[in-house]
2 protein chains.
Amino acid sequence: MTFRVGLLGHGTVGSAFHELLEERAGRIEAATGQRPEVSGVLTRSRGDFDDIVERSDLIVELIGGVEPARDYILRAMAAGRHVVTANKAVLSQHGEEIYDAARKAVVQLRFEAAVGGVVPVIRVIHETLAAAHIERVHGIVNGTTNFILTEMAATGASYEEALEQAQALGYAEADPTEDVSGRDAAAKMAIIGRLAFNLPVHLDQVPYEGIEHLTPGDIEYARELGLSLKLVGTAERLDGGISVRVHPTFLYGAHPLASVNGSFNAVTIESPAITEITLSGPGAGGSQTASAVLGDVISAIIPPPTVPPPAEEQPFVTDTESAFYLHLEVADRPGVLAQIAEILGLQGVSVKSVVQKGLGDDARLDMVLHTSSAGWSSSGRLRAGYG
Amino acid sequence: MTFRVGLLGHGTVGSAFHELLEERAGRIEAATGQRPEVSGVLTRSRGDFDDIVERSDLIVELIGGVEPARDYILRAMAAGRHVVTANKAVLSQHGEEIYDAARKAVVQLRFEAAVGGVVPVIRVIHETLAAAHIERVHGIVNGTTNFILTEMAATGASYEEALEQAQALGYAEADPTEDVSGRDAAAKMAIIGRLAFNLPVHLDQVPYEGIEHLTPGDIEYARELGLSLKLVGTAERLDGGISVRVHPTFLYGAHPLASVNGSFNAVTIESPAITEITLSGPGAGGSQTASAVLGDVISAIIPPPTVPPPAEEQPFVTDTESAFYLHLEVADRPGVLAQIAEILGLQGVSVKSVVQKGLGDDARLDMVLHTSSAGWSSSGRLRAGYG
């Protein structure tokens, strides 16, 4: 059976989604009994919206921005089509209208890709924490700014230099205002706040402050205070109400978001019953967003499994390769390390790094070896790293 | 309407679940239209299994161990009841039998709480990554051993001392064998491997090695090599087959699992389309596990929402308290800091920490202030930490 997906928008994410869907169609058919196929594509220059809706079971909206996206989403739902979107602008500004319309039309509206890249914030709030009282959500929800701050911290670069670097690598757009001003993060936090607390949050109600005014000195000195500087979005219950906001924030070193670096996104959800859950993963890149969109499309086709599907058979591999850790206590005499290296070399094992410490007449050697196929060993030697 | 939950087992998790369900029943009823209530409890000394099944829509199995849990799960499903369980022992050893029985009986079988505490590994694999090709899963899935290794690394304590500490705090049982031998982690990795790769994985096929033989020296020397020592479970595709295993592993410092400390659990799922997702949260404690079980119960009552529910109204709070960061460039003369502190003091603001650096005739002062109610400021000053 075919499941017809109408695609609005064919930019970076749209074309990545189109490609991914075609690549995975066979596997999705095997799992769900329905083969998704793109029944039509609307771009500025080709396709007719009404015609595409007519020929689709579900509409994927990847145009972005408020109009005409809002109009298309409402019309598709009114025509009885499920909608999957990655559009944070429209949901943070017209969310209630769109959610109401979806309930009225009795269609599904899924938008995991609108928030936090591939990090499944919405599912976790809606499902895992369905029974929990959520107290607070902190998020690094903009990969561009996190990349810039990470660069500044790592290299001492100025904001302008780090931004240029981000643009060169495709992490920032030619006009980066939406990201660096904090507005993109504010839109995402508005959507998260809506879901976490079940109350309407409009982008206009979310004060935000960006990273344009930060200097390497701010980061450097903060480090001396044991703090790490991030653009953090917060949605929290406070004094009988709620607060949703975005601003640069110093995090103490052990905070789960303090070590989220580069273009990654991460969200920490706090609830008394569970303490906290942290989810992290790549921020919105074309293929990551496409993957989140496809996850939503599949969930719309069939409800998530409530029992694991029948298993396939596949061989077990027991002879795994590892880099091993080797600890030796030896006499502290010249030539000992050379002898050991020679013995290892004769066995075809090479040394990646070594620490030697004298202990009176004895010495202790700790080495990490290069990857070797050693099979499963229970000799108490430890595997190191992942190659 | 009432949704009747039969509860098997009333130990730490069972009683925490019972309490949580009663506490949240009203809210769940508001959200789902059905009020869950415990229709019967089976313990060693009270309750009759058949009678409880008769009076329940869903059975929650929190007895643990293989028998009689396996028998009860199979009989409850054969009687047409949904089952929610936190039992990794029975699923890692009799998973295929139980999954087959659930499909045959057309009932739901949910077991998020069996793996990774409150971390929603199963949902993410089944739903978010439904379309993805999972290449590898790494997990710190045993809180006891991660607590012990964290203690050893932080204090230089021996394995025995750290274990005693874990026992005193309730993180380790009187007989810790199941945890410290790696067997508990192996059972969880067997379940995760089954779901990630859709092929049968039995606990017996998972080689494991524990942490009993580790010394503070191993951790200390590894640190000098830039590595961090964790008990890591791995499930991966390898040479056309799969490998599932558990052993102490050195992780390079930037690995997402390297900074997971204390009794926390975390899982990293790698897939080409998404790079990786990391999920972390508290390992299995009574209330955390109870929360995960309740999430499963709610999912069984009603499918997860496909549209956000109608919003409630709640006031926005704009006057949030924050600890602020203050950066001042001042003349490098005696008494300057004292003057500034006095001015801040007169405004009712106290200083938490300060870094002062001379720059020729000038000095730079960076301070973190104690929490004060400053309203929303867009003056470019940064908030610090979270109090």
# chains A, B, ... in the order shown; residues from 1 in each chain; ligands from 1
call {"tool": "select_by_dssp", "arguments": {"residues": "range 67-203 of chain B", "states": "helix (DSSP H, G or I)", "output": "ChimeraX atom specification"}}
result
/B:69-78,88-105,112-114,121-128,143-155,159-168,177-180,183-197,203
call {"tool": "residues_around", "arguments": {"residues": "Pro315 in chain A", "least_positions_apart": "4", "cutoff": "12 Å", "atoms": "only C-alpha atoms", "output": "PyMOL selection string"}}
result
(chain A and resi 319) or (chain B and resi 197+199-201+205+236-244)
call {"tool": "write_last_selection", "arguments": {"atoms": "C-alpha atoms", "output": "mmCIF file, in the first residue's frame"}}
result
data_model
loop_
_atom_site.group_PDB
_atom_site.id
_atom_site.type_symbol
_atom_site.label_atom_id
_atom_site.label_comp_id
_atom_site.auth_asym_id
_atom_site.auth_seq_id
_atom_site.Cartn_x
_atom_site.Cartn_y
_atom_site.Cartn_z
ATOM 1 C CA ASP A 319 35.995 -11.370 18.005
ATOM 2 C CA PHE B 197 18.842 -4.186 15.533
ATOM 3 C CA LEU B 199 17.178 -9.469 16.235
ATOM 4 C CA PRO B 200 17.005 -11.823 19.204
ATOM 5 C CA VAL B 201 19.684 -11.221 21.837
ATOM 6 C CA GLN B 205 25.150 -14.117 24.245
ATOM 7 C CA GLU B 236 26.984 -2.528 17.454
ATOM 8 C CA ARG B 237 26.873 -3.766 13.894
ATOM 9 C CA LEU B 238 30.202 -5.361 13.070
ATOM 10 C CA ASP B 239 31.414 -7.325 10.050
ATOM 11 C CA GLY B 240 27.925 -8.207 8.861
ATOM 12 C CA GLY B 241 26.799 -9.313 12.308
ATOM 13 C CA ILE B 242 26.326 -7.687 15.654
ATOM 14 C CA SER B 243 28.238 -7.577 18.904
ATOM 15 C CA VAL B 244 26.751 -6.877 22.321
#
call {"tool": "closest_residue", "arguments": {"among": "A:Ala76, A:Leu21, A:Leu369, A:Val118", "to": "Val267 in chain A", "atoms": "only C-alpha atoms"}}
result
A:Val118
call {"tool": "closest_residue", "arguments": {"among": "A:Phe3, A:Tyr171, A:Tyr99, A:Tyr72", "to": "chain B", "atoms": "only C-alpha atoms"}}
result
A:Tyr99
call {"tool": "residues_around", "arguments": {"residues": "Arg55 in chain B", "least_positions_apart": "5", "cutoff": "10 Å", "atoms": "only C-alpha atoms", "output": "ChimeraX atom specification"}}
result
/B:4-6,38-40,50
